[in-house]
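K.L.:
Just passing along the structure, written as structure tokens.
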Amino acid sequence: MEPIHWFMVLWITLSLMIFQNSSNVEGRYHFHKRNKNSPAPSPDTGEPVAPSTPSLSPPPLSNVPSDPYPEDPGNNSSGSSDCVFNVMNYGAVGDGSADDTAAFRAAWKEACAVESGVVFAPADYSFKITSTIFSGPCQPGLVFQVDGILMPPEGPQTWPKGDSQKQWLVFYRLDQMTFTGSGTIEGNGQKWWDLPCKPHRGPNGSTLPGPCDSPALIRFFMSNNLVVRGLRIQNSPQFHMKFDGCEGVQIEKLSISSPKLSPNTDGIHIENTKSVGIYDSVISNGDDCISIGTGCANVDIRGVTCGPSHGISIGSLGVHNSQACVSNITVRDAIIRESDNGVRIKTWQGGTGCVSAIVFENIQMENVMNCLLVDQYYCLSKACRNETSAVFVTDLTYRNIKGTYDVRRPPIHFACSDTVACTNITLSEVELYPHEGELMDDPFCWNAYGTQETATIPPIDCLQEGDPESVAEVSQYTC
């Protein structure tokens, strides 16, 4: 190789070595150089501050104590529980023995004062409170949530002397309120049922003692836009749930139960209440699953399983010569089993008013007495007198009602008033067979008028076609 070439190789090699050494020094001592984007020295020490590097994972959280009530409705995505008022924070003990009334009242008072407030009774506790009226008006969106067990004192002997024996839990003058939870409202009704004041039917036709003044378990009074959802309600001394003077009520996914022979333990009773929906609930008790009193309109009942019980009833109406008005009631997609009645309308003699626009549709009967019943001679004793006036019953539709009946009573019984006939009764796809024994081919009708769109099983020949001659006279009974 010529000398010039050796010189060039040597020069390139030396240049590379100088450049590498220069880079190492620069990398080791780069903090001696700063550009406009470099961090400034610390004002306290004069030492440089290294630039922060974004972390790929969040820093460890500080030690947060675990939530003692993980099911608290305040555990939402925002983490805020400002509107949740847990009764445990107000002194509730929740052992099933201590009186927790004061804690519930205090929690209610604060929840009532804020929008979307929640009175919260947590799971795994049993709360005993005495007869209480939870009163409004309150801010909208109020929730009363029971995830534990809530119950009254057990029996009349332990009931406080100054408390009403006609009601226990009362919600009064409320708007946009929800009563909900995964818990149980336990009525402790047995000692009330055993009071020797009012006889009621026992097994094999015997007579057993029953209640005098006994408290309804839950009552909503003069309230609007209510939701009751998800609770288990059981063993009420009297009615399990009452709505009086309310409008805009939605009831869904309830379980209501008491023994078959418990007296006057209606599941849901409504009166003077409009725009009601009762959905997807299971009710078994010693009286009507659902009873509809006077002053009710626009009631939709769907997806209810009923029985053992006394069925689903409109009435009784017209007692003590009173006026009764009920209209636009629909019961559909229901199951009624092992019950004394199926779907029933009952009125006293001597009343006035009107029951109209009633639809019973898609109902399965399982061993039911009196599957379809209109009784305008309702009486609790043998001393009721015949009267010349009656509640006018008209526009009844029975459609797609099938199943089995108890042969001790005819499956269809339309006993209408002598003076005010039942009119515009429509029967379609009614097929009822005996649960046991022979087919009873004797439906009963008295002063009942209507049409059969399809053949009925058993055949009903007593339903009169057209209108009664005196139909014009009933205008005085309309509402």
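Each chain in the structure tokens gets a letter, A, B and so on, in the order shown; residues start at 1 in every chain, and ligands are counted from 1 in the order they appear.
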Excluding same-chain residues fewer than 2 positions from segment 427-430 of chain A, what lies within 8 Å of it counting only C-alpha atoms, as an MDAnalysis selection string?
P.N.:
chainID A and resid 397:402 425 432 451:457
K.L.:
May I have the residues from that selection written out with C-alpha atoms, as a short mmCIF file (atom, residue, chain, number, x, y, z; two decimals), in the first residue's frame?
P.N.:
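The result, written out as selection_6.cif:
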```
data_model
loop_
_atom_site.label_atom_id
_atom_site.label_comp_id
_atom_site.auth_asym_id
_atom_site.auth_seq_id
_atom_site.Cartn_x
_atom_site.Cartn_y
_atom_site.Cartn_z
CA THR A 397 -114.41 -8.67 29.96
CA TYR A 398 -113.13 -12.17 30.72
CA ARG A 399 -110.72 -13.31 28.01
CA ASN A 400 -108.43 -16.35 27.79
CA ILE A 401 -109.03 -17.65 31.29
CA LYS A 402 -108.10 -21.30 31.58
CA ILE A 425 -120.33 -8.89 30.23
CA LEU A 432 -112.24 -24.28 33.16
CA THR A 451 -122.28 -12.07 25.17
CA GLN A 452 -120.11 -15.13 24.60
CA GLU A 453 -117.63 -14.61 21.80
CA THR A 454 -116.59 -18.27 21.99
CA ALA A 455 -118.07 -21.36 23.59
CA THR A 456 -117.38 -21.47 27.30
CA ILE A 457 -116.29 -24.54 29.27
#
```
K.L.:
So, with only C-alpha atoms as the atoms that count, which of A:Gly189, A:Val420, A:Ile329, A:Met222 lies closest to Thr265 of chain A?
P.N.:
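Of the candidates, the smallest distance to Thr265 of chain A is held by A:Gly189.
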K.L.:
According to DSSP computed on the backbone, where in segment 197-271 of chain A is there strand (DSSP E)? Give the residues as a short mmCIF file (atom, residue, chain, number, x, y, z; two decimals) with all heavy atoms, in the first residue's frame.
P.N.:
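Output file states22.cif follows:
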```cif
data_model
loop_
_atom_site.label_atom_id
_atom_site.label_comp_id
_atom_site.auth_asym_id
_atom_site.auth_seq_id
_atom_site.Cartn_x
_atom_site.Cartn_y
_atom_site.Cartn_z
N HIS A 200 -112.72 -16.33 62.57
CA HIS A 200 -112.42 -16.53 61.16
C HIS A 200 -112.31 -18.03 60.91
O HIS A 200 -112.19 -18.83 61.82
CB HIS A 200 -111.13 -15.81 60.76
CG HIS A 200 -109.90 -16.33 61.42
ND1 HIS A 200 -109.58 -16.04 62.72
CD2 HIS A 200 -108.91 -17.14 60.97
CE1 HIS A 200 -108.45 -16.64 63.04
NE2 HIS A 200 -108.02 -17.32 61.99
N ARG A 201 -112.35 -18.37 59.65
CA ARG A 201 -112.44 -19.77 59.27
C ARG A 201 -111.14 -20.51 59.55
O ARG A 201 -110.06 -20.08 59.21
CB ARG A 201 -112.78 -19.86 57.78
CG ARG A 201 -113.02 -21.26 57.27
CD ARG A 201 -113.55 -21.19 55.85
NE ARG A 201 -112.66 -20.43 54.98
CZ ARG A 201 -111.57 -20.92 54.42
NH1 ARG A 201 -111.22 -22.16 54.65
NH2 ARG A 201 -110.83 -20.18 53.62
N THR A 207 -113.91 -22.81 63.66
CA THR A 207 -113.78 -21.37 63.85
C THR A 207 -112.64 -21.11 64.81
O THR A 207 -112.55 -21.70 65.89
CB THR A 207 -115.09 -20.79 64.42
OG1 THR A 207 -116.13 -21.01 63.48
CG2 THR A 207 -114.95 -19.30 64.66
N LEU A 208 -111.75 -20.20 64.40
CA LEU A 208 -110.60 -19.85 65.22
C LEU A 208 -110.65 -18.37 65.55
O LEU A 208 -111.31 -17.59 64.87
CB LEU A 208 -109.30 -20.16 64.46
CG LEU A 208 -109.05 -21.64 64.14
CD1 LEU A 208 -107.77 -21.78 63.33
CD2 LEU A 208 -108.94 -22.45 65.42
N ALA A 216 -102.12 -2.36 60.15
CA ALA A 216 -101.62 -2.56 58.79
C ALA A 216 -100.11 -2.33 58.83
O ALA A 216 -99.62 -1.43 59.51
CB ALA A 216 -102.28 -1.59 57.83
N LEU A 217 -99.38 -3.15 58.09
CA LEU A 217 -97.93 -3.10 58.22
C LEU A 217 -97.33 -1.84 57.58
O LEU A 217 -96.54 -1.13 58.21
CB LEU A 217 -97.32 -4.36 57.58
CG LEU A 217 -95.91 -4.73 58.00
CD1 LEU A 217 -95.84 -4.97 59.51
CD2 LEU A 217 -95.43 -5.97 57.26
N ILE A 218 -97.71 -1.55 56.34
CA ILE A 218 -97.16 -0.41 55.61
C ILE A 218 -98.32 0.37 55.00
O ILE A 218 -99.18 -0.21 54.34
CB ILE A 218 -96.20 -0.87 54.50
CG1 ILE A 218 -95.06 -1.70 55.08
CG2 ILE A 218 -95.65 0.32 53.72
CD1 ILE A 218 -94.32 -2.52 54.05
N ARG A 219 -98.32 1.67 55.18
CA ARG A 219 -99.39 2.50 54.63
C ARG A 219 -98.80 3.73 53.96
O ARG A 219 -97.99 4.45 54.55
CB ARG A 219 -100.36 2.93 55.72
CG ARG A 219 -101.56 3.72 55.18
CD ARG A 219 -102.41 4.28 56.30
NE ARG A 219 -103.60 4.96 55.77
CZ ARG A 219 -104.31 5.86 56.44
NH1 ARG A 219 -103.97 6.19 57.68
NH2 ARG A 219 -105.36 6.43 55.90
N PHE A 220 -99.22 3.96 52.72
CA PHE A 220 -98.92 5.20 52.02
C PHE A 220 -100.19 6.03 51.96
O PHE A 220 -101.22 5.54 51.49
CB PHE A 220 -98.40 4.93 50.61
CG PHE A 220 -97.02 4.35 50.57
CD1 PHE A 220 -96.82 2.99 50.64
CD2 PHE A 220 -95.91 5.19 50.46
CE1 PHE A 220 -95.54 2.45 50.59
CE2 PHE A 220 -94.63 4.67 50.41
CZ PHE A 220 -94.44 3.30 50.48
N PHE A 221 -100.12 7.27 52.42
CA PHE A 221 -101.31 8.10 52.55
C PHE A 221 -101.06 9.47 51.94
O PHE A 221 -100.06 10.13 52.23
CB PHE A 221 -101.68 8.21 54.03
CG PHE A 221 -102.91 9.00 54.32
CD1 PHE A 221 -104.09 8.78 53.61
CD2 PHE A 221 -102.93 9.97 55.31
CE1 PHE A 221 -105.24 9.50 53.88
CE2 PHE A 221 -104.07 10.70 55.59
CZ PHE A 221 -105.23 10.45 54.88
N ASN A 224 -97.86 10.88 46.16
CA ASN A 224 -97.88 10.75 44.71
C ASN A 224 -96.52 10.30 44.18
O ASN A 224 -95.48 10.53 44.81
CB ASN A 224 -98.24 12.09 44.05
CG ASN A 224 -99.60 12.60 44.50
OD1 ASN A 224 -100.53 11.82 44.68
ND2 ASN A 224 -99.71 13.91 44.67
N ASN A 225 -96.57 9.67 42.99
CA ASN A 225 -95.35 9.28 42.27
C ASN A 225 -94.45 8.41 43.15
O ASN A 225 -93.32 8.77 43.49
CB ASN A 225 -94.60 10.53 41.79
CG ASN A 225 -95.46 11.40 40.90
OD1 ASN A 225 -96.10 10.92 39.97
ND2 ASN A 225 -95.52 12.69 41.20
N LEU A 226 -94.99 7.26 43.50
CA LEU A 226 -94.32 6.34 44.41
C LEU A 226 -93.83 5.10 43.66
O LEU A 226 -94.46 4.64 42.72
CB LEU A 226 -95.28 5.89 45.51
CG LEU A 226 -95.97 6.99 46.32
CD1 LEU A 226 -97.06 6.39 47.20
CD2 LEU A 226 -94.95 7.74 47.17
N VAL A 227 -92.71 4.56 44.12
CA VAL A 227 -92.20 3.28 43.62
C VAL A 227 -91.92 2.39 44.82
O VAL A 227 -91.25 2.81 45.78
CB VAL A 227 -90.90 3.47 42.79
CG1 VAL A 227 -90.33 2.10 42.39
CG2 VAL A 227 -91.17 4.32 41.56
N VAL A 228 -92.45 1.15 44.77
CA VAL A 228 -92.14 0.15 45.79
C VAL A 228 -91.58 -1.05 45.05
O VAL A 228 -92.26 -1.62 44.18
CB VAL A 228 -93.38 -0.24 46.61
CG1 VAL A 228 -93.00 -1.24 47.69
CG2 VAL A 228 -94.03 1.00 47.24
N ARG A 229 -90.38 -1.46 45.39
CA ARG A 229 -89.70 -2.45 44.54
C ARG A 229 -88.80 -3.36 45.37
O ARG A 229 -88.06 -2.92 46.24
CB ARG A 229 -88.85 -1.72 43.50
CG ARG A 229 -88.05 -2.62 42.58
CD ARG A 229 -87.04 -1.84 41.74
NE ARG A 229 -87.69 -0.87 40.86
CZ ARG A 229 -87.43 0.41 40.85
NH1 ARG A 229 -86.54 0.91 41.69
NH2 ARG A 229 -88.03 1.22 40.01
N ARG A 232 -89.18 -8.03 50.44
CA ARG A 232 -89.94 -9.17 50.94
C ARG A 232 -90.74 -8.68 52.14
O ARG A 232 -90.17 -8.17 53.11
CB ARG A 232 -88.98 -10.29 51.35
CG ARG A 232 -89.68 -11.56 51.82
CD ARG A 232 -88.68 -12.64 52.20
NE ARG A 232 -89.34 -13.91 52.40
CZ ARG A 232 -89.60 -14.79 51.44
NH1 ARG A 232 -89.22 -14.51 50.21
NH2 ARG A 232 -90.21 -15.92 51.69
N ILE A 233 -92.06 -8.85 52.07
CA ILE A 233 -92.95 -8.35 53.12
C ILE A 233 -93.76 -9.54 53.63
O ILE A 233 -94.43 -10.22 52.83
CB ILE A 233 -93.87 -7.25 52.58
CG1 ILE A 233 -93.03 -6.13 51.94
CG2 ILE A 233 -94.75 -6.68 53.69
CD1 ILE A 233 -93.85 -5.12 51.15
N GLN A 234 -93.73 -9.80 54.94
CA GLN A 234 -94.34 -11.04 55.39
C GLN A 234 -94.94 -10.91 56.79
O GLN A 234 -94.55 -10.08 57.59
CB GLN A 234 -93.31 -12.17 55.38
CG GLN A 234 -92.11 -11.93 56.27
CD GLN A 234 -91.00 -12.96 56.06
OE1 GLN A 234 -90.81 -13.46 54.95
NE2 GLN A 234 -90.27 -13.30 57.12
N MET A 241 -99.87 -4.08 52.88
CA MET A 241 -99.55 -2.79 52.29
C MET A 241 -100.84 -2.10 51.84
O MET A 241 -101.67 -2.71 51.18
CB MET A 241 -98.59 -2.98 51.11
CG MET A 241 -98.13 -1.70 50.46
SD MET A 241 -96.82 -1.99 49.23
CE MET A 241 -95.47 -2.41 50.33
N LYS A 242 -100.99 -0.83 52.21
CA LYS A 242 -102.18 -0.05 51.85
C LYS A 242 -101.76 1.25 51.18
O LYS A 242 -100.78 1.89 51.58
CB LYS A 242 -103.00 0.30 53.10
CG LYS A 242 -103.66 -0.86 53.80
CD LYS A 242 -104.42 -0.39 55.04
CE LYS A 242 -105.61 0.48 54.69
NZ LYS A 242 -106.42 0.83 55.89
N PHE A 243 -102.55 1.63 50.18
CA PHE A 243 -102.38 2.92 49.52
C PHE A 243 -103.72 3.64 49.58
O PHE A 243 -104.72 3.11 49.09
CB PHE A 243 -101.93 2.75 48.07
CG PHE A 243 -100.57 2.14 47.93
CD1 PHE A 243 -100.41 0.76 47.96
CD2 PHE A 243 -99.44 2.93 47.78
CE1 PHE A 243 -99.16 0.18 47.85
CE2 PHE A 243 -98.18 2.35 47.66
CZ PHE A 243 -98.04 0.98 47.70
N ASP A 244 -103.74 4.81 50.15
CA ASP A 244 -104.99 5.56 50.33
C ASP A 244 -104.76 7.01 49.93
O ASP A 244 -103.86 7.68 50.45
CB ASP A 244 -105.45 5.48 51.79
CG ASP A 244 -106.82 6.10 52.01
OD1 ASP A 244 -107.46 6.52 51.03
OD2 ASP A 244 -107.26 6.16 53.17
N GLU A 247 -101.68 8.87 44.04
CA GLU A 247 -101.75 8.87 42.58
C GLU A 247 -100.36 8.68 42.00
O GLU A 247 -99.40 9.32 42.44
CB GLU A 247 -102.35 10.17 42.05
CG GLU A 247 -102.53 10.16 40.55
CD GLU A 247 -103.42 11.29 40.05
OE1 GLU A 247 -103.88 12.10 40.87
OE2 GLU A 247 -103.65 11.36 38.82
N GLY A 248 -100.27 7.78 41.01
CA GLY A 248 -98.99 7.49 40.41
C GLY A 248 -98.18 6.53 41.26
O GLY A 248 -97.21 6.94 41.90
N VAL A 249 -98.57 5.25 41.28
CA VAL A 249 -97.93 4.25 42.12
C VAL A 249 -97.43 3.11 41.25
O VAL A 249 -98.19 2.56 40.45
CB VAL A 249 -98.91 3.69 43.18
CG1 VAL A 249 -98.25 2.60 44.01
CG2 VAL A 249 -99.44 4.81 44.07
N GLN A 250 -96.16 2.74 41.39
CA GLN A 250 -95.62 1.58 40.68
C GLN A 250 -95.07 0.60 41.71
O GLN A 250 -94.18 0.92 42.49
CB GLN A 250 -94.52 1.99 39.70
CG GLN A 250 -93.95 0.78 38.95
CD GLN A 250 -93.09 1.18 37.77
OE1 GLN A 250 -93.36 2.17 37.09
NE2 GLN A 250 -92.03 0.42 37.53
N ILE A 251 -95.62 -0.63 41.67
CA ILE A 251 -95.22 -1.69 42.59
C ILE A 251 -94.68 -2.84 41.75
O ILE A 251 -95.37 -3.31 40.85
CB ILE A 251 -96.43 -2.17 43.42
CG1 ILE A 251 -97.05 -0.99 44.19
CG2 ILE A 251 -96.04 -3.29 44.36
CD1 ILE A 251 -98.41 -1.30 44.77
N GLU A 252 -93.48 -3.30 42.04
CA GLU A 252 -92.92 -4.36 41.22
C GLU A 252 -91.95 -5.24 42.00
O GLU A 252 -91.28 -4.79 42.92
CB GLU A 252 -92.23 -3.78 39.98
CG GLU A 252 -91.08 -2.85 40.28
CD GLU A 252 -90.48 -2.27 39.01
OE1 GLU A 252 -90.97 -2.60 37.92
OE2 GLU A 252 -89.53 -1.48 39.11
N SER A 255 -92.30 -9.78 47.09
CA SER A 255 -92.72 -11.06 47.62
C SER A 255 -93.49 -10.78 48.89
O SER A 255 -92.94 -10.22 49.85
CB SER A 255 -91.51 -11.95 47.90
OG SER A 255 -91.91 -13.12 48.59
N ILE A 256 -94.79 -11.14 48.90
CA ILE A 256 -95.64 -10.89 50.06
C ILE A 256 -96.20 -12.23 50.52
O ILE A 256 -96.79 -12.97 49.72
CB ILE A 256 -96.78 -9.92 49.71
CG1 ILE A 256 -96.21 -8.57 49.27
CG2 ILE A 256 -97.72 -9.75 50.89
CD1 ILE A 256 -97.26 -7.57 48.82
N SER A 257 -96.05 -12.54 51.81
CA SER A 257 -96.50 -13.85 52.27
C SER A 257 -96.93 -13.82 53.73
O SER A 257 -96.36 -13.10 54.55
CB SER A 257 -95.40 -14.89 52.09
OG SER A 257 -94.26 -14.57 52.88
N ILE A 268 -101.93 -6.44 48.95
CA ILE A 268 -101.89 -5.02 48.56
C ILE A 268 -103.32 -4.51 48.49
O ILE A 268 -104.14 -5.08 47.78
CB ILE A 268 -101.20 -4.84 47.18
CG1 ILE A 268 -99.76 -5.36 47.22
CG2 ILE A 268 -101.23 -3.38 46.75
CD1 ILE A 268 -99.11 -5.44 45.84
N HIS A 269 -103.61 -3.48 49.23
CA HIS A 269 -104.95 -2.87 49.20
C HIS A 269 -104.82 -1.43 48.75
O HIS A 269 -103.98 -0.67 49.26
CB HIS A 269 -105.60 -2.92 50.58
CG HIS A 269 -106.92 -2.21 50.62
ND1 HIS A 269 -108.06 -2.73 50.09
CD2 HIS A 269 -107.27 -0.98 51.11
CE1 HIS A 269 -109.07 -1.90 50.25
NE2 HIS A 269 -108.61 -0.82 50.86
N ILE A 270 -105.64 -1.04 47.77
CA ILE A 270 -105.65 0.34 47.31
C ILE A 270 -107.06 0.90 47.39
O ILE A 270 -108.04 0.18 47.14
CB ILE A 270 -105.10 0.48 45.87
CG1 ILE A 270 -105.93 -0.31 44.87
CG2 ILE A 270 -103.65 0.03 45.81
CD1 ILE A 270 -105.52 -0.11 43.42
N GLU A 271 -107.19 2.14 47.77
CA GLU A 271 -108.48 2.83 47.76
C GLU A 271 -108.24 4.32 47.53
O GLU A 271 -107.21 4.88 47.93
CB GLU A 271 -109.25 2.59 49.05
CG GLU A 271 -108.57 3.04 50.32
CD GLU A 271 -109.37 2.66 51.57
OE1 GLU A 271 -109.35 1.49 51.96
OE2 GLU A 271 -110.01 3.57 52.13
#
```
K.L.:
So how far away is atom CA of Gly181 of chain A from atom CA of Ala113 of chain A, in Å?
P.N.:
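Here the two named atoms are 21.1 Å from each other.
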K.L.:
Excluding Ser182 of chain A and any residue of its chain fewer than 5 positions from it, enumerate the residues within 9 Å of it, using only C-alpha atoms, and give them as a ChimeraX atom specification.
P.N.:
/A:123,145-148,230-232
K.L.:
Applying 8 Å and only C-alpha atoms, which residues near segment 81-96 of chain A remain after dropping the ones on its own chain fewer than 5 positions away? List them as a PDB file with C-alpha atoms, in the first residue's frame.
P.N.:
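Wrote part_25.pdb, looks like this:
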```
ATOM      1  CA  ASP A  72     -74.290   1.189  50.903  1.00  0.00           C
ATOM      2  CA  PRO A  73     -76.085   2.914  48.002  1.00  0.00           C
ATOM      3  CA  GLY A  74     -73.645   5.776  48.385  1.00  0.00           C
ATOM      4  CA  ASN A  75     -70.933   3.590  46.870  1.00  0.00           C
ATOM      5  CA  ASN A  76     -71.360   4.975  43.387  1.00  0.00           C
ATOM      6  CA  ALA A 102     -85.006   7.321  67.090  1.00  0.00           C
ATOM      7  CA  ALA A 103     -82.227   6.438  64.649  1.00  0.00           C
ATOM      8  CA  PHE A 104     -84.667   5.934  61.760  1.00  0.00           C
ATOM      9  CA  ALA A 106     -83.185  11.112  62.664  1.00  0.00           C
ATOM     10  CA  ALA A 107     -81.963   9.622  59.392  1.00  0.00           C
ATOM     11  CA  TRP A 108     -85.331  10.367  57.775  1.00  0.00           C
ATOM     12  CA  GLU A 110     -81.889  14.628  57.244  1.00  0.00           C
ATOM     13  CA  ALA A 111     -82.611  12.599  54.097  1.00  0.00           C
ATOM     14  CA  VAL A 114     -81.882  16.977  50.558  1.00  0.00           C
ATOM     15  CA  GLU A 115     -82.615  16.003  46.987  1.00  0.00           C
ATOM     16  CA  SER A 116     -82.227  12.259  46.290  1.00  0.00           C
ATOM     17  CA  GLY A 117     -81.604  11.502  49.950  1.00  0.00           C
ATOM     18  CA  VAL A 118     -81.394   7.846  51.001  1.00  0.00           C
ATOM     19  CA  VAL A 119     -82.435   6.421  54.345  1.00  0.00           C
ATOM     20  CA  PHE A 120     -80.343   3.249  54.466  1.00  0.00           C
ATOM     21  CA  ALA A 121     -80.805   0.194  56.695  1.00  0.00           C
ATOM     22  CA  PRO A 122     -77.878  -2.128  55.882  1.00  0.00           C
ATOM     23  CA  TYR A 125     -78.911  -6.325  60.890  1.00  0.00           C
ATOM     24  CA  SER A 126     -82.417  -6.621  62.371  1.00  0.00           C
ATOM     25  CA  PHE A 127     -84.019  -3.302  63.246  1.00  0.00           C
ATOM     26  CA  LYS A 128     -87.022  -2.962  65.547  1.00  0.00           C
TER      27      LYS A 128
END
```
K.L.:
A:Leu439, A:Ile460, A:Cys325, A:Ile133: which is nearest Leu372 of chain A, counting only C-alpha atoms?
P.N.:
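Of A:Leu439, A:Ile460, A:Cys325, A:Ile133, the one nearest Leu372 of chain A, counting only C-alpha atoms, is A:Ile460.
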K.L.:
I need the residue nearest Ile335 of chain A from this list: A:Ser322, A:Ile292, A:Cys354, A:Asp280. Use only C-alpha atoms for the distance.
P.N.:
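Closest residue, counting only C-alpha atoms: A:Asp280.
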K.L.:
Between A:Gly307, A:Cys246, A:Thr352, A:Tyr279, which has the minimum distance to Thr388 of chain A (counting only C-alpha atoms)?
P.N.:
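Closest residue, counting only C-alpha atoms: A:Thr352.
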K.L.:
Atom CA of Asp175 of chain A to atom CA of Gly141 of chain A: how many Å, to one decimal?
P.N.:
8.1 Å
